[in-house]
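> Input model-v1.csv, format and content: CSV, C-alpha atoms (C1' of nucleotides) and all ligand atoms.
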```csv
chain,number,residue,atom,x,y,z
A,56,MET,CA,130.5,73.9,32.6
A,57,LYS,CA,132.6,77.1,32.2
A,58,VAL,CA,130.1,78.9,34.5
A,59,LEU,CA,130.5,76.2,37.1
A,60,GLU,CA,134.3,76.4,36.9
A,61,GLU,CA,134.1,80.1,37.4
A,62,LEU,CA,131.8,79.7,40.5
A,63,THR,CA,134.1,76.9,41.8
A,64,GLY,CA,137.3,78.8,41.2
A,65,THR,CA,136.4,82.1,42.8
A,66,GLY,CA,136.0,82.1,46.5
A,67,GLN,CA,132.9,84.2,46.5
A,68,ALA,CA,129.2,84.2,45.6
A,69,LEU,CA,128.7,85.8,42.2
A,70,SER,CA,125.7,87.7,40.8
A,71,HIS,CA,124.2,87.3,37.4
A,72,THR,CA,125.5,90.7,36.4
A,73,GLU,CA,129.1,89.7,37.4
A,74,LEU,CA,128.9,86.4,35.5
A,75,GLU,CA,127.4,88.2,32.5
A,76,ALA,CA,130.5,90.4,32.5
A,77,THR,CA,132.8,87.4,32.6
A,78,PHE,CA,130.9,85.5,29.9
A,79,SER,CA,130.1,88.4,27.6
A,80,LYS,CA,129.6,86.2,24.6
A,81,VAL,CA,126.9,84.2,26.3
A,82,ASP,CA,123.3,85.5,26.1
A,83,ARG,CA,122.0,86.7,29.4
A,84,ILE,CA,118.9,84.4,29.2
A,85,THR,CA,121.1,81.4,28.8
A,86,LEU,CA,122.9,82.5,31.9
A,87,TYR,CA,119.7,82.8,33.8
A,88,ARG,CA,118.7,79.3,32.7
A,89,VAL,CA,122.1,77.7,33.5
A,90,LEU,CA,122.0,79.2,37.0
A,91,LYS,CA,118.4,78.1,37.5
A,92,ASP,CA,119.3,74.5,36.4
A,93,PHE,CA,122.4,74.5,38.7
A,94,GLU,CA,120.2,75.6,41.6
A,95,GLU,CA,117.5,73.0,41.0
A,96,ALA,CA,120.1,70.3,40.6
A,97,GLY,CA,121.5,71.3,44.1
A,98,ILE,CA,124.9,72.2,42.6
A,99,VAL,CA,124.8,75.9,43.6
A,100,HIS,CA,122.7,77.8,46.1
A,101,LYS,CA,121.1,81.2,45.7
A,102,ILE,CA,121.7,83.9,48.2
A,103,ILE,CA,119.6,87.0,48.2
A,104,GLY,CA,121.3,89.5,50.5
A,105,PRO,CA,119.7,92.2,52.6
A,106,ASP,CA,120.7,94.5,49.7
A,107,GLY,CA,118.4,92.6,47.4
A,108,VAL,CA,121.2,91.4,45.2
A,109,THR,CA,120.9,87.8,44.1
A,110,ARG,CA,124.2,85.8,44.1
A,111,PHE,CA,125.2,82.2,43.5
A,112,ALA,CA,127.7,80.0,45.2
A,113,VAL,CA,128.8,76.4,44.7
A,114,CYS,CA,127.7,74.0,47.4
A,115,ARG,CA,131.0,72.8,49.0
A,116,HIS,CA,129.9,71.0,52.1
A,117,ASN,CA,129.0,67.9,50.0
A,118,CYS,CA,125.3,68.2,50.9
A,119,PRO,CA,123.2,65.3,49.7
A,120,ASP,CA,120.4,66.3,47.3
A,121,GLU,CA,117.7,65.4,49.8
A,122,THR,CA,118.8,67.3,52.9
A,123,HIS,CA,120.0,70.4,51.0
A,124,THR,CA,120.5,72.2,54.3
A,125,GLU,CA,122.0,75.6,54.0
A,126,ASP,CA,123.5,75.7,57.5
A,127,HIS,CA,126.2,78.3,57.3
A,128,VAL,CA,126.6,82.1,57.6
A,129,HIS,CA,127.2,84.4,54.7
A,130,PHE,CA,129.4,87.5,54.9
A,131,ASN,CA,129.0,90.7,52.9
A,132,CYS,CA,132.0,93.0,52.8
A,133,THR,CA,131.1,96.6,53.0
A,134,ASN,CA,134.4,97.5,51.4
A,135,CYS,CA,134.7,95.3,48.3
A,136,HIS,CA,131.0,94.3,48.3
A,137,LYS,CA,131.8,90.7,47.9
A,138,VAL,CA,129.8,87.9,49.5
A,139,PHE,CA,131.4,84.8,51.0
A,140,CYS,CA,130.1,81.6,52.3
A,141,LEU,CA,131.5,81.0,55.7
A,142,GLU,CA,131.1,77.2,55.4
A,143,HIS,CA,132.5,76.5,58.8
A,144,THR,CA,130.5,79.1,60.7
A,145,HIS,CA,127.2,77.3,61.3
A,146,ASN,CA,123.9,78.9,62.3
A,147,PRO,CA,123.5,79.3,66.0
A,148,ASP,CA,120.5,78.0,68.0
A,149,LEU,CA,118.0,80.7,68.5
A,150,ARG,CA,115.4,81.0,71.3
A,151,LEU,CA,112.3,82.4,69.8
A,152,PRO,CA,109.1,83.5,71.6
A,153,THR,CA,106.7,80.6,72.3
A,154,GLY,CA,104.6,79.6,69.4
A,155,PHE,CA,107.2,80.2,66.7
A,156,LYS,CA,108.5,77.0,65.1
A,157,VAL,CA,111.8,77.3,63.3
A,158,SER,CA,112.5,75.4,60.1
A,159,GLY,CA,115.4,77.4,58.7
A,160,ILE,CA,117.7,80.3,59.4
A,161,GLN,CA,119.4,82.8,57.0
A,162,ILE,CA,122.2,84.9,58.4
A,163,LEU,CA,124.0,87.5,56.6
A,164,VAL,CA,126.8,89.3,58.4
A,165,GLN,CA,128.1,92.7,57.2
A,166,GLY,CA,131.6,94.0,57.9
A,167,ILE,CA,135.1,94.0,56.5
A,168,CYS,CA,136.4,90.8,54.9
A,169,LYS,CA,139.6,89.0,55.4
A,170,HIS,CA,141.2,90.4,52.3
A,171,CYS,CA,140.2,94.0,52.9
A,172,SER,CA,141.3,94.2,56.5
B,139,MET,CA,99.9,109.4,58.0
B,140,LYS,CA,97.4,106.8,57.0
B,141,VAL,CA,100.2,104.6,55.7
B,142,LEU,CA,102.0,105.0,59.0
B,143,GLU,CA,98.9,104.1,60.9
B,144,GLU,CA,98.5,101.0,58.9
B,145,LEU,CA,102.1,100.0,59.5
B,146,THR,CA,101.8,100.7,63.2
B,147,GLY,CA,98.4,98.9,63.5
B,148,THR,CA,99.3,95.7,61.8
B,149,GLY,CA,101.8,93.5,63.7
B,150,GLN,CA,103.8,92.7,60.6
B,151,ALA,CA,106.1,94.0,58.0
B,152,LEU,CA,104.2,95.0,54.9
B,153,SER,CA,105.4,95.0,51.3
B,154,HIS,CA,104.7,97.8,48.9
B,155,THR,CA,102.3,95.5,47.0
B,156,GLU,CA,100.3,94.8,50.1
B,157,LEU,CA,100.1,98.5,51.0
B,158,GLU,CA,99.1,99.3,47.4
B,159,ALA,CA,96.1,97.0,47.8
B,160,THR,CA,95.1,98.7,51.0
B,161,PHE,CA,95.4,102.2,49.6
B,162,SER,CA,94.1,101.6,46.2
B,163,LYS,CA,93.3,105.2,45.6
B,164,VAL,CA,96.8,106.3,46.2
B,165,ASP,CA,99.3,106.3,43.3
B,166,ARG,CA,101.9,103.6,43.6
B,167,ILE,CA,104.7,106.2,43.0
B,168,THR,CA,103.5,108.3,45.9
B,169,LEU,CA,103.5,105.2,48.0
B,170,TYR,CA,107.1,104.5,47.0
B,171,ARG,CA,108.0,108.0,48.0
B,172,VAL,CA,106.2,107.9,51.3
B,173,LEU,CA,108.0,104.7,52.3
B,174,LYS,CA,111.3,106.1,51.2
B,175,ASP,CA,110.8,109.2,53.3
B,176,PHE,CA,109.7,107.2,56.3
B,177,GLU,CA,112.8,105.0,56.0
B,178,GLU,CA,115.2,108.0,55.6
B,179,ALA,CA,113.5,109.6,58.6
B,180,GLY,CA,114.2,106.5,60.7
B,181,ILE,CA,110.5,105.9,61.3
B,182,VAL,CA,110.3,102.6,59.5
B,183,HIS,CA,112.9,100.1,58.5
B,184,LYS,CA,113.2,98.1,55.3
B,185,ILE,CA,113.6,94.3,55.4
B,186,ILE,CA,114.6,92.5,52.3
B,187,GLY,CA,114.0,88.8,53.0
B,188,PRO,CA,115.8,85.8,51.5
B,189,ASP,CA,112.9,85.6,49.1
B,190,GLY,CA,113.8,89.0,47.7
B,191,VAL,CA,110.6,90.7,48.8
B,192,THR,CA,111.0,94.1,50.3
B,193,ARG,CA,108.9,94.9,53.4
B,194,PHE,CA,108.5,97.7,55.8
B,195,ALA,CA,108.0,97.8,59.5
B,196,VAL,CA,107.7,100.6,62.0
B,197,CYS,CA,110.6,101.0,64.4
B,198,ARG,CA,109.3,100.2,67.8
B,199,HIS,CA,112.3,99.9,70.0
B,200,ASN,CA,112.6,103.7,70.3
B,201,CYS,CA,115.9,103.7,68.5
B,202,PRO,CA,117.5,107.1,68.4
B,203,ASP,CA,118.1,108.5,64.9
B,204,GLU,CA,121.8,108.3,65.2
B,205,THR,CA,122.4,104.7,66.3
B,206,HIS,CA,119.6,103.3,64.1
B,207,THR,CA,120.7,99.8,65.1
B,208,GLU,CA,118.5,97.0,63.7
B,209,ASP,CA,119.4,94.5,66.4
B,210,HIS,CA,116.6,92.0,66.2
B,211,VAL,CA,115.6,88.9,64.4
B,212,HIS,CA,112.9,88.7,61.7
B,213,PHE,CA,110.6,85.8,61.2
B,214,ASN,CA,109.1,84.7,57.9
B,215,CYS,CA,106.1,82.3,58.2
B,216,THR,CA,106.1,79.6,55.5
B,217,ASN,CA,102.4,79.2,56.0
B,218,CYS,CA,100.9,82.7,55.9
B,219,HIS,CA,104.0,84.2,54.3
B,220,LYS,CA,103.9,87.1,56.8
B,221,VAL,CA,107.1,88.7,58.2
B,222,PHE,CA,107.3,89.7,61.8
B,223,CYS,CA,109.9,91.7,63.8
B,224,LEU,CA,110.9,89.7,66.8
B,225,GLU,CA,111.9,92.8,68.7
B,226,HIS,CA,112.9,91.0,71.8
B,227,THR,CA,115.0,88.3,70.1
B,228,HIS,CA,118.3,90.0,69.7
B,229,ASN,CA,121.1,89.1,67.4
B,230,PRO,CA,123.5,86.6,68.9
B,231,ASP,CA,127.2,87.0,69.0
B,232,LEU,CA,128.9,85.1,66.2
B,233,ARG,CA,132.5,83.8,66.1
B,234,LEU,CA,133.8,84.4,62.6
B,235,PRO,CA,137.0,83.2,61.1
B,236,THR,CA,140.0,85.5,61.9
B,237,GLY,CA,140.2,88.5,59.6
B,238,PHE,CA,136.5,89.2,59.4
B,239,LYS,CA,135.3,92.2,61.3
B,240,VAL,CA,131.6,92.4,62.0
B,241,SER,CA,129.6,95.6,61.8
B,242,GLY,CA,126.1,94.3,61.4
B,243,ILE,CA,124.0,91.1,61.3
B,244,GLN,CA,120.8,90.3,59.5
B,245,ILE,CA,118.9,87.3,60.6
B,246,LEU,CA,115.8,85.9,59.0
B,247,VAL,CA,114.2,82.9,60.5
B,248,GLN,CA,111.7,80.7,58.5
B,249,GLY,CA,109.1,78.5,60.1
B,250,ILE,CA,105.6,78.5,61.4
B,251,CYS,CA,104.4,81.6,63.2
B,252,LYS,CA,102.5,82.0,66.4
B,253,HIS,CA,99.1,82.4,64.7
B,254,CYS,CA,99.5,79.6,62.3
B,255,SER,CA,100.7,76.9,64.7
C,190,DC,C1',124.3,60.0,7.4
C,191,DT,C1',119.9,60.7,9.5
C,192,DT,C1',117.0,61.4,13.4
C,193,DT,C1',116.0,63.5,17.8
C,194,DA,C1',116.7,66.0,21.8
C,195,DA,C1',119.1,69.4,24.2
C,196,DA,C1',121.1,74.1,24.3
C,197,DT,C1',121.2,78.6,22.7
C,198,DG,C1',119.5,83.2,21.1
C,199,DC,C1',116.0,86.5,20.2
C,200,DA,C1',111.7,89.0,21.1
C,201,DA,C1',108.4,90.1,24.1
C,202,DC,C1',106.7,90.6,28.4
C,203,DC,C1',106.4,91.2,33.7
C,204,DT,C1',107.7,93.2,38.3
C,205,DT,C1',109.9,96.4,41.1
C,206,DG,C1',111.7,100.7,41.6
C,207,DT,C1',113.4,105.5,40.1
C,208,DT,C1',113.3,110.2,37.9
C,209,DG,C1',111.5,114.4,35.5
C,210,DC,C1',107.8,117.3,35.0
C,211,DA,C1',103.2,119.2,35.3
C,212,DT,C1',99.4,119.8,38.4
C,213,DT,C1',96.9,119.9,43.1
C,214,DT,C1',96.8,120.8,47.5
C,215,DA,C1',97.8,123.0,51.4
C,216,DA,C1',100.5,126.1,54.2
C,217,DA,C1',102.1,131.0,55.0
C,218,DG,C1',102.3,135.8,54.4
C,219,DT,C1',100.0,140.1,53.4
D,148,DA,C1',90.0,137.0,52.1
D,149,DC,C1',93.5,136.9,48.6
D,150,DT,C1',98.0,136.0,47.0
D,151,DT,C1',102.4,133.8,47.2
D,152,DT,C1',105.2,129.7,47.9
D,153,DA,C1',106.3,125.3,48.9
D,154,DA,C1',105.1,120.6,49.5
D,155,DA,C1',102.5,116.5,47.9
D,156,DT,C1',100.5,114.0,44.3
D,157,DG,C1',99.9,111.9,39.7
D,158,DC,C1',101.5,110.7,35.2
D,159,DA,C1',104.8,109.3,31.7
D,160,DA,C1',108.9,107.4,30.8
D,161,DC,C1',112.6,104.7,31.9
D,162,DA,C1',115.9,101.0,33.9
D,163,DA,C1',117.3,96.7,36.1
D,164,DG,C1',116.3,92.0,37.0
D,165,DG,C1',113.9,88.1,35.6
D,166,DT,C1',110.6,84.8,33.0
D,167,DT,C1',108.4,82.6,28.9
D,168,DG,C1',107.4,81.2,24.0
D,169,DC,C1',109.4,80.1,19.8
D,170,DA,C1',112.7,79.5,16.2
D,171,DT,C1',117.4,78.0,15.3
D,172,DT,C1',122.0,75.7,16.4
D,173,DT,C1',124.4,72.3,18.3
D,174,DA,C1',125.4,68.0,19.7
D,175,DA,C1',124.2,63.4,20.9
D,176,DA,C1',122.2,58.8,19.4
D,177,DG,C1',120.7,55.5,16.2
A,301,MN,MN,126.6,79.6,51.1
A,302,MN,MN,112.4,94.7,62.3
A,303,ZN,ZN,136.3,92.9,51.2
A,304,ZN,ZN,101.9,82.4,59.8
```
Written as C-alpha cells, how would this file's structure read?
Ligand SMILES: [Mn+2]
Ligand SMILES: [Mn+2]
Ligand SMILES: [Zn+2]
Ligand SMILES: [Zn+2]

Amino acid sequence: MKVLEELTGTGQALSHTELEATFSKVDRITLYRVLKDFEEAGIVHKIIGPDGVTRFAVCRHNCPDETHTEDHVHFNCTNCHKVFCLEHTHNPDLRLPTGFKVSGIQILVQGICKHCS
Amino acid sequence: MKVLEELTGTGQALSHTELEATFSKVDRITLYRVLKDFEEAGIVHKIIGPDGVTRFAVCRHNCPDETHTEDHVHFNCTNCHKVFCLEHTHNPDLRLPTGFKVSGIQILVQGICKHCS
DNA sequence: CTTTAAATGCAACCTTGTTGCATTTAAAGT
DNA sequence: ACTTTAAATGCAACAAGGTTGCATTTAAAG
C-alpha cells in the first residue's frame, strides 16, 4: 500500500532502485514481488526505456483489466533523467510497409521536461 | 569482420546471445567488446526493446558520424520474436504538452512481421 | 485462542554486462 | 628474417538487476 501511494503521489515512473531507496527498511525481494503483483493486477504498468532501465507507473486512464491498452507516449528527460507518462498524448497511427501487422506501439520521447525547461 | 558480415547479411537486429550462438568459438567478452567498438564507431546501433533485450543492427541509411540520427521505426514480431529496422518508416512529428522539448524519439512497434503473416 | 493463509526475509542462483590482467596474434621497424 | 610494439583475445572476477525455494512473521478467519 505504501508503495502504491508513492507511485500514485509522484508524477513519474519510478525504478526499483529508486523505490528501494525510499523504502530502505523493506527487503528488495519483497519490493520486486510487490511490483510484479501490481503489474499482474493491472494496477501499474512497466516501462522499459531505451536506456534499459525498468520503471513502474500507476495506470491512471482507468483502463479496464481486459483491454489493458497502453496507448500513450512516455517522456524521458535527459536533464533530470525522470520518466513521465504523457497520458494525453496518444500513439499516432503509423503506416508500415505492406505485410507488417501492428498490434501495439511503444513510444519513448527524449528531451527536456516541463520542470527542467 | 565476421560479426559485421553476420549483422550485414541478416535482415534483422541480433542480440549478443544470438551472435554468441553463431560464433561459438569466440569468447563472449570479445563479442561484447566488438559490439561496443562497432557502436562507438557508428557502424551499428543498439536497440533496447520494451522487452529489455539489447540488439544490434548495422546502420544502413549512410548516416554521417556526426549526426548519427536514429530516425526510423523498429518492429518486434510477436511470432518469431525478431526485430527489424524499418529504415523507410520515419518517426512522426509528435505534439507534446507545453514545456516538453523533444530531442529524440524511439518507436518500437509490435505485431506480426512480413515473413510470419 | 487456535488454525490457516498470506506476506516477508534470507540465501542461493541466474543473466547481462564490465574491468583488470596475462597471453596471443598480428602489424611495423630494422 | 628477426625483433619490437601494439592490438586483439581469453580468463577470472566482479557488479547490477532479477528470480526462486524455503523458513519465519504477520495477520486474517474460524
Ligand atoms: Mn505510462
Ligand atoms: Mn534501426
Ligand atoms: Zn527533467
Ligand atoms: Zn515474424
> Could you work out which residues of chain D fall inside 10 Å of chain A? Count all atoms listed in the file, and format the result as a PyMOL selection string.
chain D and resi 164-166
> Please produce a file of those selected residues containing C-alpha atoms (C1' of nucleotides), as an mmCIF file, in the frame of the given file.

```cif
data_model
loop_
_atom_site.group_PDB
_atom_site.id
_atom_site.type_symbol
_atom_site.label_atom_id
_atom_site.label_comp_id
_atom_site.auth_asym_id
_atom_site.auth_seq_id
_atom_site.Cartn_x
_atom_site.Cartn_y
_atom_site.Cartn_z
ATOM 1 C "C1'" DG D 164 116.300 92.000 37.000
ATOM 2 C "C1'" DG D 165 113.900 88.100 35.600
ATOM 3 C "C1'" DT D 166 110.600 84.800 33.000
#
```
> Nearest to chain C among A:Asp92, A:Asp82, A:Glu142, A:Asp148, with distances taken over all atoms listed in the file: which residue is it?
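Nearest to chain C: A:Asp82.
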> What's the separation between atom CA of A:Lys80 and atom C1' of C:DT193, in Å to one decimal place?
27.3 Å
> Distance limit 10 Å, atoms considered: all atoms listed in the file. Which chain C residues sit that close to chain A? Return them as a ChimeraX atom specification.
/C:196-199
> Hey, which of B:Asp209, B:Met139, B:Ile186, B:Thr216 ends up closest to chain A? Count all atoms listed in the file.
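Smallest distance to chain A is found for B:Ile186.
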